[in-house]
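Structure file input-v3.cif with mmCIF, C-alpha atoms (C1' of nucleotides):
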data_coords
loop_
_atom_site.label_atom_id
_atom_site.label_comp_id
_atom_site.auth_asym_id
_atom_site.auth_seq_id
_atom_site.Cartn_x
_atom_site.Cartn_y
_atom_site.Cartn_z
CA MET A 986 15.28 -46.25 98.04
CA PRO A 987 18.36 -46.22 100.26
CA LEU A 988 20.72 -43.30 100.23
CA LYS A 989 24.19 -42.80 101.58
CA ALA A 990 22.95 -42.71 105.14
CA ASP A 991 21.47 -46.20 104.82
CA LEU A 992 24.72 -47.84 103.77
CA ASP A 993 26.74 -49.77 106.29
CA ALA A 994 30.34 -50.93 106.17
CA ILE A 995 29.46 -54.05 104.18
CA ASP A 996 27.70 -52.01 101.50
CA TRP A 997 30.77 -49.84 101.10
CA LYS A 998 32.93 -52.92 100.77
CA ILE A 999 30.59 -54.24 98.09
CA LEU A 1000 30.82 -50.99 96.18
CA ARG A 1001 34.58 -50.95 96.42
CA GLU A 1002 34.92 -54.51 95.21
CA LEU A 1003 32.51 -54.12 92.33
CA GLN A 1004 34.10 -50.88 91.27
CA ALA A 1005 37.42 -52.72 91.10
CA ASP A 1006 36.00 -55.84 89.41
CA GLY A 1007 32.46 -55.56 88.20
CA ARG A 1008 32.29 -59.13 86.93
CA MET A 1009 33.26 -60.83 90.16
CA THR A 1010 30.91 -63.70 91.02
CA ASN A 1011 28.56 -63.18 93.89
CA VAL A 1012 30.18 -66.05 95.78
CA GLU A 1013 33.58 -64.42 95.53
CA LEU A 1014 32.11 -61.06 96.49
CA SER A 1015 30.35 -62.51 99.50
CA ASN A 1016 33.62 -64.04 100.71
CA ARG A 1017 35.42 -60.75 100.39
CA VAL A 1018 32.86 -58.76 102.30
CA GLY A 1019 32.35 -61.40 104.95
CA ILE A 1020 28.74 -62.50 104.57
CA SER A 1021 27.11 -65.44 102.83
CA ALA A 1022 26.04 -65.32 99.22
CA PRO A 1023 22.27 -64.79 99.48
CA PRO A 1024 22.28 -61.64 101.60
CA CYS A 1025 25.19 -60.37 99.53
CA LEU A 1026 23.20 -60.74 96.34
CA ARG A 1027 20.23 -59.04 97.96
CA ARG A 1028 22.44 -56.10 98.89
CA VAL A 1029 23.81 -55.80 95.37
CA LYS A 1030 20.31 -55.80 93.90
CA ARG A 1031 19.20 -53.22 96.41
CA LEU A 1032 22.12 -51.00 95.43
CA GLU A 1033 21.27 -51.46 91.77
CA GLU A 1034 17.59 -50.70 92.25
CA ALA A 1035 18.42 -47.65 94.33
CA GLY A 1036 20.52 -46.35 91.46
CA ILE A 1037 23.67 -46.31 93.56
CA ILE A 1038 25.14 -48.84 91.15
CA ARG A 1039 24.32 -47.28 87.79
CA GLY A 1040 25.53 -50.21 85.73
CA TYR A 1041 28.54 -52.26 84.75
CA ARG A 1042 30.97 -51.72 81.96
CA ALA A 1043 33.84 -53.56 80.36
CA LEU A 1044 36.92 -51.37 80.08
CA LEU A 1045 38.41 -51.63 76.62
CA ASN A 1046 41.94 -51.04 75.43
CA ALA A 1047 41.60 -48.28 72.87
CA PRO A 1048 45.09 -48.53 71.29
CA ALA A 1049 44.71 -52.26 70.78
CA LEU A 1050 41.50 -51.54 68.90
CA GLY A 1051 43.14 -49.09 66.58
CA LEU A 1052 42.12 -45.98 68.46
CA ASP A 1053 45.36 -44.15 69.02
CA VAL A 1054 44.15 -40.67 69.87
CA VAL A 1055 42.48 -39.71 73.12
CA ALA A 1056 41.89 -36.02 73.61
CA PHE A 1057 39.87 -33.52 75.56
CA CYS A 1058 38.14 -30.49 74.06
CA LEU A 1059 37.10 -27.43 76.00
CA ILE A 1060 34.30 -25.62 74.23
CA GLY A 1061 33.09 -22.11 74.79
CA LEU A 1062 29.82 -20.92 73.26
CA HIS A 1063 28.85 -17.42 72.21
CA HIS A 1064 25.53 -17.55 73.98
CA GLN A 1065 24.81 -19.64 77.03
CA ALA A 1066 21.06 -19.46 77.30
CA ASP A 1067 19.43 -22.70 78.33
CA ALA A 1068 18.19 -23.50 74.85
CA GLU A 1069 21.62 -23.06 73.32
CA LEU A 1070 23.27 -25.23 75.97
CA ARG A 1071 20.75 -27.95 75.32
CA THR A 1072 21.22 -27.72 71.60
CA PHE A 1073 24.95 -28.20 71.88
CA ALA A 1074 24.56 -30.99 74.42
CA GLU A 1075 22.23 -32.78 72.05
CA ARG A 1076 24.70 -32.42 69.24
CA THR A 1077 27.51 -34.02 71.24
CA ARG A 1078 25.38 -37.14 71.60
CA GLY A 1079 25.41 -37.56 67.87
CA TRP A 1080 29.20 -37.50 67.55
CA PRO A 1081 30.67 -40.98 67.96
CA ILE A 1082 34.11 -39.53 68.59
CA VAL A 1083 32.80 -37.91 71.76
CA ARG A 1084 32.66 -40.57 74.43
CA ASP A 1085 31.88 -38.57 77.57
CA ALA A 1086 30.81 -34.98 77.82
CA TRP A 1087 30.19 -32.57 80.66
CA MET A 1088 28.63 -29.19 80.92
CA VAL A 1089 31.01 -27.15 83.04
CA SER A 1090 31.37 -23.74 84.59
CA GLY A 1091 34.53 -21.75 84.34
CA GLU A 1092 36.35 -20.53 81.29
CA SER A 1093 34.56 -23.03 79.07
CA ASP A 1094 31.03 -24.32 78.78
CA PHE A 1095 31.61 -27.94 77.79
CA LEU A 1096 34.32 -30.51 78.20
CA LEU A 1097 34.39 -33.37 75.70
CA HIS A 1098 36.33 -36.60 76.09
CA CYS A 1099 37.15 -37.78 72.57
CA VAL A 1100 38.63 -40.94 71.08
CA ALA A 1101 39.71 -41.22 67.44
CA SER A 1102 41.61 -43.64 65.29
CA ASP A 1103 44.37 -41.19 64.48
CA LEU A 1104 45.31 -37.56 64.60
CA GLY A 1105 43.85 -36.87 61.19
CA ALA A 1106 40.44 -38.16 62.18
CA PHE A 1107 40.52 -36.05 65.31
CA GLN A 1108 41.57 -32.92 63.47
CA THR A 1109 38.88 -33.47 60.88
CA PHE A 1110 36.37 -33.70 63.67
CA VAL A 1111 37.60 -30.50 65.32
CA ILE A 1112 37.70 -28.50 62.12
CA GLU A 1113 34.74 -29.81 60.19
CA GLU A 1114 32.41 -30.57 63.04
CA LEU A 1115 33.26 -28.68 66.18
CA THR A 1116 34.41 -25.30 64.98
CA SER A 1117 31.80 -25.24 62.26
CA THR A 1118 28.96 -25.83 64.70
CA PRO A 1119 26.78 -22.75 65.14
CA ASN A 1120 27.31 -20.81 68.35
CA VAL A 1121 30.71 -22.38 69.06
CA ASP A 1122 33.11 -19.64 70.05
CA THR A 1123 36.32 -21.20 71.34
CA VAL A 1124 37.76 -24.69 71.04
CA ARG A 1125 40.80 -25.65 73.04
CA THR A 1126 42.14 -29.16 72.72
CA ALA A 1127 44.45 -31.22 74.91
CA LEU A 1128 45.86 -34.36 73.35
CA THR A 1129 46.57 -37.03 75.91
CA ILE A 1130 50.05 -38.44 76.12
CA ARG A 1131 49.30 -41.17 78.58
CA ARG A 1132 46.90 -42.06 81.33
CA ILE A 1133 48.50 -41.76 84.73
CA LYS A 1134 45.58 -42.76 86.93
CA ASP A 1135 42.46 -44.73 86.18
CA GLU A 1136 40.17 -45.62 89.04
CA GLY A 1137 36.45 -45.59 89.44
CA LEU A 1138 34.49 -42.47 90.06
CA VAL A 1139 34.20 -42.99 93.78
CA SER A 1140 37.01 -42.97 96.28
CA PHE A 1141 37.11 -45.33 99.20
CA ALA A 1142 40.02 -43.84 101.07
CA GLN A 1143 37.98 -42.54 103.98
CA PRO A 1144 35.02 -44.86 104.61
CA MET B 138 47.78 -62.19 71.44
CA PRO B 139 45.16 -61.00 68.95
CA LEU B 140 45.08 -57.43 67.83
CA LYS B 141 42.49 -55.39 66.04
CA ALA B 142 43.13 -57.19 62.78
CA ASP B 143 42.23 -60.55 64.31
CA LEU B 144 38.79 -59.46 65.48
CA ASP B 145 35.75 -60.42 63.48
CA ALA B 146 32.22 -59.07 63.57
CA ILE B 147 31.24 -61.29 66.49
CA ASP B 148 34.15 -60.05 68.58
CA TRP B 149 33.09 -56.48 67.96
CA LYS B 150 29.56 -57.33 69.01
CA ILE B 151 30.88 -58.89 72.19
CA LEU B 152 32.88 -55.78 72.96
CA ARG B 153 29.90 -53.56 72.34
CA GLU B 154 27.61 -55.61 74.54
CA LEU B 155 30.07 -55.90 77.40
CA GLN B 156 30.86 -52.23 77.24
CA ALA B 157 27.15 -51.52 77.60
CA ASP B 158 26.57 -54.15 80.31
CA GLY B 159 29.67 -55.72 81.77
CA ARG B 160 27.77 -58.05 84.05
CA MET B 161 25.64 -59.70 81.42
CA THR B 162 25.66 -63.48 81.73
CA ASN B 163 27.53 -65.42 79.11
CA VAL B 164 24.31 -67.11 78.00
CA GLU B 165 22.64 -63.77 77.39
CA LEU B 166 25.73 -62.48 75.63
CA SER B 167 25.91 -65.53 73.39
CA ASN B 168 22.27 -65.05 72.38
CA ARG B 169 22.88 -61.43 71.49
CA VAL B 170 25.91 -62.11 69.34
CA GLY B 171 24.40 -65.15 67.68
CA ILE B 172 26.62 -68.04 68.76
CA SER B 173 26.30 -70.65 71.49
CA ALA B 174 27.62 -70.14 74.97
CA PRO B 175 30.88 -72.13 74.96
CA PRO B 176 32.57 -70.42 72.00
CA CYS B 177 31.27 -67.10 73.26
CA LEU B 178 32.96 -67.62 76.60
CA ARG B 179 36.15 -68.66 74.85
CA ARG B 180 36.10 -65.44 72.85
CA VAL B 181 35.60 -63.32 75.94
CA LYS B 182 38.50 -64.98 77.69
CA ARG B 183 40.66 -64.52 74.66
CA LEU B 184 39.82 -60.82 74.60
CA GLU B 185 40.61 -60.56 78.29
CA GLU B 186 43.91 -62.37 77.99
CA ALA B 187 44.88 -60.25 75.00
CA GLY B 188 44.31 -57.15 77.10
CA ILE B 189 41.64 -55.86 74.78
CA ILE B 190 39.21 -56.09 77.67
CA ARG B 191 41.15 -54.39 80.47
CA GLY B 192 38.65 -55.20 83.18
CA TYR B 193 35.15 -54.60 84.42
CA ARG B 194 33.85 -51.88 86.63
CA ALA B 195 30.63 -51.03 88.41
CA LEU B 196 29.54 -47.48 87.68
CA LEU B 197 28.57 -45.70 90.87
CA ASN B 198 26.25 -42.79 91.42
CA ALA B 199 28.44 -40.16 93.04
CA PRO B 200 25.70 -37.77 94.24
CA ALA B 201 23.81 -40.61 95.90
CA LEU B 202 26.98 -41.44 97.80
CA GLY B 203 27.38 -37.90 99.09
CA LEU B 204 29.87 -36.80 96.45
CA ASP B 205 28.30 -33.69 95.02
CA VAL B 206 31.25 -32.10 93.27
CA VAL B 207 32.81 -33.40 90.07
CA ALA B 208 35.43 -31.16 88.54
CA PHE B 209 38.32 -31.12 86.14
CA CYS B 210 41.65 -29.44 86.80
CA LEU B 211 44.11 -28.40 84.14
CA ILE B 212 47.60 -28.18 85.55
CA GLY B 213 50.61 -26.45 84.08
CA LEU B 214 54.07 -27.04 85.50
CA HIS B 215 57.02 -24.70 85.52
CA HIS B 216 59.41 -27.32 84.24
CA GLN B 217 58.41 -30.24 82.06
CA ALA B 218 61.48 -32.44 82.15
CA ASP B 219 60.75 -36.13 82.34
CA ALA B 220 61.63 -36.39 86.02
CA GLU B 221 59.31 -33.56 86.94
CA LEU B 222 56.44 -35.00 84.94
CA ARG B 223 56.88 -38.33 86.65
CA THR B 224 57.03 -36.72 90.06
CA PHE B 225 53.76 -34.95 89.54
CA ALA B 226 52.13 -38.02 88.05
CA GLU B 227 53.16 -40.03 91.07
CA ARG B 228 51.70 -37.42 93.36
CA THR B 229 48.30 -37.54 91.68
CA ARG B 230 48.08 -41.22 92.51
CA GLY B 231 48.21 -40.38 96.19
CA TRP B 232 45.28 -37.97 96.06
CA PRO B 233 42.00 -39.80 96.60
CA ILE B 234 40.04 -36.86 95.19
CA VAL B 235 41.72 -37.42 91.83
CA ARG B 236 39.96 -40.31 90.13
CA ASP B 237 41.44 -40.25 86.64
CA ALA B 238 44.42 -38.30 85.42
CA TRP B 239 46.05 -37.77 82.05
CA MET B 240 49.29 -36.27 80.93
CA VAL B 241 48.37 -33.98 78.04
CA SER B 242 49.97 -31.73 75.48
CA GLY B 243 48.68 -28.28 74.76
CA GLU B 244 48.26 -25.34 77.08
CA SER B 245 48.43 -27.58 80.12
CA ASP B 246 50.50 -30.56 81.19
CA PHE B 247 47.98 -32.59 83.18
CA LEU B 248 44.24 -33.00 83.31
CA LEU B 249 42.74 -34.33 86.53
CA HIS B 250 39.24 -35.68 86.95
CA CYS B 251 38.25 -34.98 90.54
CA VAL B 252 35.35 -35.97 92.78
CA ALA B 253 34.71 -34.41 96.19
CA SER B 254 32.00 -34.40 98.78
CA ASP B 255 31.35 -30.69 98.51
CA LEU B 256 32.75 -27.47 97.16
CA GLY B 257 34.67 -26.78 100.34
CA ALA B 258 36.51 -30.07 100.15
CA PHE B 259 37.39 -29.43 96.55
CA GLN B 260 38.60 -25.90 97.21
CA THR B 261 40.69 -27.13 100.11
CA PHE B 262 42.27 -29.67 97.80
CA VAL B 263 43.02 -27.08 95.13
CA ILE B 264 44.49 -24.54 97.53
CA GLU B 265 46.25 -26.69 100.09
CA GLU B 266 47.37 -29.53 97.84
CA LEU B 267 47.47 -28.58 94.19
CA THR B 268 48.69 -25.02 94.19
CA SER B 269 51.08 -25.69 97.02
CA THR B 270 52.72 -28.56 95.18
CA PRO B 271 56.26 -27.73 94.07
CA ASN B 272 56.64 -26.97 90.38
CA VAL B 273 52.93 -26.32 89.83
CA ASP B 274 52.55 -23.18 87.79
CA THR B 275 48.93 -22.80 86.70
CA VAL B 276 45.74 -24.45 87.91
CA ARG B 277 42.55 -23.98 85.98
CA THR B 278 39.40 -25.64 87.25
CA ALA B 279 36.12 -26.47 85.57
CA LEU B 280 33.29 -27.50 87.86
CA THR B 281 30.87 -29.82 86.17
CA ILE B 282 27.23 -28.84 86.05
CA ARG B 283 25.94 -32.08 84.63
CA ARG B 284 27.02 -35.01 82.57
CA ILE B 285 25.56 -34.89 79.08
CA LYS B 286 27.06 -38.03 77.62
CA ASP B 287 28.45 -41.13 79.28
CA GLU B 288 29.45 -44.03 77.11
CA GLY B 289 32.39 -46.36 77.10
CA LEU B 290 35.76 -45.43 75.76
CA VAL B 291 35.27 -47.13 72.42
CA SER B 292 32.79 -46.20 69.75
CA PHE B 293 30.99 -48.79 67.68
CA ALA B 294 29.38 -46.53 65.15
CA GLN B 295 31.59 -47.58 62.23
CA PRO B 296 32.55 -51.25 62.65
"C1'" DG C 769 8.68 -57.07 128.31
"C1'" DG C 770 6.67 -57.91 124.00
"C1'" DC C 771 6.15 -57.13 119.22
"C1'" DA C 772 7.40 -55.79 114.62
"C1'" DA C 773 10.95 -55.20 111.28
"C1'" DC C 774 14.99 -56.64 109.46
"C1'" DA C 775 19.03 -59.15 107.91
"C1'" DC C 776 21.35 -63.22 108.28
"C1'" DG C 777 22.40 -68.19 106.91
"C1'" DC C 778 20.80 -72.75 105.35
"C1'" DA C 779 18.96 -75.57 101.81
"C1'" DA C 780 17.18 -76.91 97.34
"C1'" DG C 781 15.95 -76.25 92.60
"C1'" DA C 782 17.08 -73.52 88.51
"C1'" DA C 783 20.35 -71.42 85.76
"C1'" DT C 784 24.89 -70.71 84.37
"C1'" DC C 785 29.68 -71.82 83.81
"C1'" DT C 786 33.22 -74.75 82.17
"C1'" DT C 787 35.46 -78.50 79.92
"C1'" DG C 788 36.05 -82.25 76.68
"C1'" DC C 789 34.89 -83.98 72.36
"C1'" DG C 790 33.21 -84.67 67.59
"C1'" DT C 791 32.07 -82.23 63.23
"C1'" DG C 792 32.45 -79.18 59.45
"C1'" DA C 793 34.61 -75.27 57.13
"C1'" DT C 794 38.66 -72.84 55.84
"C1'" DT C 795 43.55 -72.57 55.13
"C1'" DT C 796 47.97 -74.46 54.45
"C1'" DT C 797 50.97 -77.66 52.41
"C1'" DG C 798 52.74 -81.26 49.51
"C1'" DC D 141 44.46 -80.13 43.03
"C1'" DA D 142 44.10 -83.05 46.89
"C1'" DA D 143 45.36 -84.11 51.49
"C1'" DA D 144 46.39 -82.58 55.88
"C1'" DA D 145 46.22 -79.37 59.41
"C1'" DT D 146 44.02 -75.73 61.83
"C1'" DC D 147 40.32 -73.58 63.67
"C1'" DA D 148 35.89 -72.47 65.60
"C1'" DC D 149 31.56 -74.17 66.18
"C1'" DG D 150 27.86 -76.75 68.91
"C1'" DC D 151 26.53 -80.60 71.94
"C1'" DA D 152 26.66 -82.73 76.34
"C1'" DA D 153 27.74 -83.38 81.20
"C1'" DG D 154 29.64 -82.24 85.61
"C1'" DA D 155 30.86 -78.34 88.58
"C1'" DT D 156 29.77 -74.01 90.11
"C1'" DT D 157 26.84 -70.27 90.81
"C1'" DC D 158 22.44 -68.04 91.14
"C1'" DT D 159 18.04 -67.52 93.18
"C1'" DT D 160 14.22 -68.21 96.20
"C1'" DG D 161 11.81 -69.60 100.33
"C1'" DC D 162 12.12 -70.26 105.04
"C1'" DG D 163 13.53 -70.37 109.93
"C1'" DT D 164 16.39 -67.92 113.40
"C1'" DG D 165 18.51 -64.27 115.90
"C1'" DT D 166 19.10 -59.39 116.58
"C1'" DT D 167 17.63 -54.63 116.84
"C1'" DG D 168 14.53 -50.96 117.68
"C1'" DC D 169 10.20 -49.33 119.25
"C1'" DC D 170 6.19 -49.19 121.62
#
Structure rendered as structure tokens:
Amino acid sequence: MPLKADLDAIDWKILRELQADGRMTNVELSNRVGISAPPCLRRVKRLEEAGIIRGYRALLNAPALGLDVVAFCLIGLHHQADAELRTFAERTRGWPIVRDAWMVSGESDFLLHCVASDLGAFQTFVIEELTSTPNVDTVRTALTIRRIKDEGLVSFAQP
Amino acid sequence: MPLKADLDAIDWKILRELQADGRMTNVELSNRVGISAPPCLRRVKRLEEAGIIRGYRALLNAPALGLDVVAFCLIGLHHQADAELRTFAERTRGWPIVRDAWMVSGESDFLLHCVASDLGAFQTFVIEELTSTPNVDTVRTALTIRRIKDEGLVSFAQP
DNA sequence: GGCAACACGCAAGAATCTTGCGTGATTTTG
DNA sequence: CAAAATCACGCAAGATTCTTGCGTGTTGCC
């Protein structure tokens, strides 16, 4: 189960390339990182089995699919005991509009990344679902105007 | 250049499957959506060329890579003229700590999704970069405690 | 110095990708 | 309404890629 310390320069290159293009063939990947295909594939599988690569995902174009509203919601609860946090977290998993969600510390307790077909659908969600959920205190929303940066979770500026 | 209206049930299945596993082989994908491999591959390419599939990305495990801090920053500027918004947007692209960034409307002007190796690195970024950037008025941060939902951008609950 | 552990690259068989082509269904057109 | 055109499907075959086993060279550790 390798961790960060076990990764060498080639592993980092693999991670960078697959974060940029997760569907690259192994042959192409092996050329880019400078080793032959078999050891390259073995490294990728090792990274997958170690959980360093959590999976692969196609990135979809929401507007082209009729999803014109992307927004973030900051949620504050009345009571933040463990049971209440878990209850709200569980509820977010049942809302299709919520795509990613984080429990956070600071002025709010949760941050929700939401996608909806239009403003009406989003407002309906906020009013009829979010604010009417028990224990929800504050809801602040930020409608996105446009995405200005979109890279993978991990930066490769330094290594 | 197909749009939403041109997509049939099989296309939606393809999108769902590739959003869940972007590295699935075309043979496996074709089995799951119920057609043979050649037309399935043709559909995928059509979706890619139409920009509906924007790309593919490996999802990496930040903590395993020594990145223990994931946070969001809400930024308010003093002046929100177009030139100033563009200037700030451009600056976010030069910060490796900032992974995704959105221009938003509401109480803040920008939302930054940040990843850092530790709290010190993040605080250094906030103090020495963010707050010292010209035209930055307010900076509110939300440190993430844990991710409670992590799905692709597009929901497939309805179609 | 010798041994064990490890990762590499080669090679071959299996699987997948990719293209061309014929068929059938649906839509358009006369 | 019929004929033609369009479209997407599935089959088949060659090209590419994946996958595994194996031998070799290097590294680290007695």
Given a cut-off of 9 Å, which residues of chain D touch chain A, counting only C-alpha atoms (C1' of nucleotides), written out as a PyMOL selection string?
chain D and resi 157-159
Interatomic distance between atom C1' of C:DT794 and atom C1' of D:DC147?
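It comes out at 8.0 Å.
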Selection result for the PyMOL selection byres ((chain B and resi 188-204) around 6) on this file, as an mmCIF file with C-alpha atoms, in the coordinates of the input:
data_model
loop_
_atom_site.group_PDB
_atom_site.id
_atom_site.type_symbol
_atom_site.label_atom_id
_atom_site.label_comp_id
_atom_site.auth_asym_id
_atom_site.auth_seq_id
_atom_site.Cartn_x
_atom_site.Cartn_y
_atom_site.Cartn_z
ATOM 1 C CA LEU A 988 20.720 -43.300 100.230
ATOM 2 C CA LYS A 989 24.190 -42.800 101.580
ATOM 3 C CA LEU A 1003 32.510 -54.120 92.330
ATOM 4 C CA GLN A 1004 34.100 -50.880 91.270
ATOM 5 C CA ALA A 1005 37.420 -52.720 91.100
ATOM 6 C CA ASP A 1006 36.000 -55.840 89.410
ATOM 7 C CA GLY A 1007 32.460 -55.560 88.200
ATOM 8 C CA ARG A 1008 32.290 -59.130 86.930
ATOM 9 C CA ILE A 1037 23.670 -46.310 93.560
ATOM 10 C CA ILE A 1038 25.140 -48.840 91.150
ATOM 11 C CA ARG A 1039 24.320 -47.280 87.790
ATOM 12 C CA GLY A 1040 25.530 -50.210 85.730
ATOM 13 C CA TYR A 1041 28.540 -52.260 84.750
ATOM 14 C CA ARG A 1042 30.970 -51.720 81.960
ATOM 15 C CA ALA A 1043 33.840 -53.560 80.360
ATOM 16 C CA LEU A 1044 36.920 -51.370 80.080
ATOM 17 C CA LEU A 1045 38.410 -51.630 76.620
ATOM 18 C CA ASN A 1046 41.940 -51.040 75.430
ATOM 19 C CA LEU B 184 39.820 -60.820 74.600
ATOM 20 C CA GLU B 185 40.610 -60.560 78.290
ATOM 21 C CA GLU B 186 43.910 -62.370 77.990
ATOM 22 C CA ALA B 187 44.880 -60.250 75.000
ATOM 23 C CA ASP B 205 28.300 -33.690 95.020
ATOM 24 C CA VAL B 206 31.250 -32.100 93.270
ATOM 25 C CA ALA B 253 34.710 -34.410 96.190
ATOM 26 C CA SER B 254 32.000 -34.400 98.780
#
Expressed in Å to a single decimal, how great is the separation between atom C1' of D:DT167 and atom C1' of C:DA773?
8.7 Å
Choose the residue, out of A:Val1111, A:Leu1059, A:Leu992, A:Leu1104, that has the smallest atom-to-atom separation from A:Glu1092; count only C-alpha atoms.
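Closest candidate: A:Leu1059.
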If I take atom CA of A:His1064 and atom CA of B:Arg277, how far is one from the other in Å, to one decimal?
21.8 Å
For the provided coordinates, the residues matched by the PyMOL selection byres ((chain B and resi 246-252) around 9) should be stated as a CSV table (one decimal) with C-alpha atoms, in the coordinates of the input.
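Wrote out32.csv, looks like this:
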chain,number,residue,atom,x,y,z
A,1057,PHE,CA,39.9,-33.5,75.6
A,1127,ALA,CA,44.4,-31.2,74.9
A,1129,THR,CA,46.6,-37.0,75.9
A,1134,LYS,CA,45.6,-42.8,86.9
A,1138,LEU,CA,34.5,-42.5,90.1
A,1139,VAL,CA,34.2,-43.0,93.8
A,1140,SER,CA,37.0,-43.0,96.3
B,199,ALA,CA,28.4,-40.2,93.0
B,204,LEU,CA,29.9,-36.8,96.4
B,205,ASP,CA,28.3,-33.7,95.0
B,206,VAL,CA,31.2,-32.1,93.3
B,207,VAL,CA,32.8,-33.4,90.1
B,208,ALA,CA,35.4,-31.2,88.5
B,209,PHE,CA,38.3,-31.1,86.1
B,210,CYS,CA,41.6,-29.4,86.8
B,211,LEU,CA,44.1,-28.4,84.1
B,212,ILE,CA,47.6,-28.2,85.6
B,213,GLY,CA,50.6,-26.4,84.1
B,214,LEU,CA,54.1,-27.0,85.5
B,217,GLN,CA,58.4,-30.2,82.1
B,222,LEU,CA,56.4,-35.0,84.9
B,225,PHE,CA,53.8,-35.0,89.5
B,226,ALA,CA,52.1,-38.0,88.0
B,229,THR,CA,48.3,-37.5,91.7
B,233,PRO,CA,42.0,-39.8,96.6
B,234,ILE,CA,40.0,-36.9,95.2
B,235,VAL,CA,41.7,-37.4,91.8
B,236,ARG,CA,40.0,-40.3,90.1
B,237,ASP,CA,41.4,-40.2,86.6
B,238,ALA,CA,44.4,-38.3,85.4
B,239,TRP,CA,46.0,-37.8,82.0
B,240,MET,CA,49.3,-36.3,80.9
B,241,VAL,CA,48.4,-34.0,78.0
B,242,SER,CA,50.0,-31.7,75.5
B,243,GLY,CA,48.7,-28.3,74.8
B,244,GLU,CA,48.3,-25.3,77.1
B,245,SER,CA,48.4,-27.6,80.1
B,253,ALA,CA,34.7,-34.4,96.2
B,254,SER,CA,32.0,-34.4,98.8
B,255,ASP,CA,31.4,-30.7,98.5
B,259,PHE,CA,37.4,-29.4,96.6
Given the choices B:Glu265, B:Met161, B:Glu154, B:Arg183, which gets closest to chain C if the distance is worked out from only C-alpha atoms (C1' of nucleotides)?
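Checking each of B:Glu265, B:Met161, B:Glu154, B:Arg183 against chain C, counting only C-alpha atoms (C1' of nucleotides), the winner is B:Met161.
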Nearest to chain A by atom-to-atom distance, counting all atoms listed in the file, from B:Ser167, B:Thr261, B:Ser173, B:Thr224:
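For chain A, the nearest of the candidates is B:Thr224.
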Compute the set of chain C residues within 12 Å of chain B, using all atoms listed in the file, and express it as a PyMOL selection string.
chain C and resi 783-788
Kindly resolve the PyMOL selection byres ((chain C and resi 776-780) around 7) on the present coordinates and return the residues as an NGL selection string.
(:A and (1021 or 1024)) or (:C and (775 or 781))
Rank A:Glu1013, A:Glu1069, A:Glu1136, A:Asp993 by their smallest atom-to-atom distance to chain B, using all atoms listed in the file, and report the top residue only.
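Between A:Glu1013, A:Glu1069, A:Glu1136, A:Asp993, the residue approaching chain B most closely is A:Glu1136.
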When distances are computed from all atoms listed in the file, which of A:Arg1071, A:His1063, A:Arg1078, A:Lys1030 shows the smallest separation from A:Val1121?
A:His1063
Nearest residue to C:DT796 out of D:DG168, D:DA145, D:DG163, D:DG154, using all atoms listed in the file?
D:DA145
Start from the incomplete input, build N, CA, C and O atoms for stretch 1026-1033 of chain A, and deliver everything as a PDB file, in the frame of the given file.
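selection_38.pdb written:
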ATOM      1  N   LEU A1026      23.902 -61.022  97.590  1.00  0.00           N
ATOM      2  CA  LEU A1026      23.200 -60.740  96.340  1.00  0.00           C
ATOM      3  C   LEU A1026      22.033 -59.780  96.561  1.00  0.00           C
ATOM      4  O   LEU A1026      21.787 -58.886  95.741  1.00  0.00           O
ATOM      5  N   ARG A1027      21.343 -59.952  97.679  1.00  0.00           N
ATOM      6  CA  ARG A1027      20.230 -59.040  97.960  1.00  0.00           C
ATOM      7  C   ARG A1027      20.738 -57.609  98.133  1.00  0.00           C
ATOM      8  O   ARG A1027      20.098 -56.657  97.662  1.00  0.00           O
ATOM      9  N   ARG A1028      21.879 -57.453  98.745  1.00  0.00           N
ATOM     10  CA  ARG A1028      22.440 -56.100  98.890  1.00  0.00           C
ATOM     11  C   ARG A1028      22.801 -55.514  97.529  1.00  0.00           C
ATOM     12  O   ARG A1028      22.535 -54.344  97.254  1.00  0.00           O
ATOM     13  N   VAL A1029      23.412 -56.320  96.685  1.00  0.00           N
ATOM     14  CA  VAL A1029      23.810 -55.800  95.370  1.00  0.00           C
ATOM     15  C   VAL A1029      22.570 -55.359  94.595  1.00  0.00           C
ATOM     16  O   VAL A1029      22.541 -54.270  94.013  1.00  0.00           O
ATOM     17  N   LYS A1030      21.529 -56.172  94.637  1.00  0.00           N
ATOM     18  CA  LYS A1030      20.310 -55.800  93.900  1.00  0.00           C
ATOM     19  C   LYS A1030      19.686 -54.539  94.483  1.00  0.00           C
ATOM     20  O   LYS A1030      19.149 -53.700  93.755  1.00  0.00           O
ATOM     21  N   ARG A1031      19.745 -54.426  95.783  1.00  0.00           N
ATOM     22  CA  ARG A1031      19.200 -53.220  96.410  1.00  0.00           C
ATOM     23  C   ARG A1031      19.984 -51.996  95.948  1.00  0.00           C
ATOM     24  O   ARG A1031      19.411 -50.947  95.645  1.00  0.00           O
ATOM     25  N   LEU A1032      21.299 -52.127  95.887  1.00  0.00           N
ATOM     26  CA  LEU A1032      22.120 -51.000  95.430  1.00  0.00           C
ATOM     27  C   LEU A1032      21.849 -50.676  93.970  1.00  0.00           C
ATOM     28  O   LEU A1032      21.837 -49.507  93.573  1.00  0.00           O
ATOM     29  N   GLU A1033      21.598 -51.704  93.176  1.00  0.00           N
ATOM     30  CA  GLU A1033      21.270 -51.460  91.770  1.00  0.00           C
ATOM     31  C   GLU A1033      19.928 -50.762  91.631  1.00  0.00           C
ATOM     32  O   GLU A1033      19.787 -49.780  90.897  1.00  0.00           O
TER      33      GLU A1033
END
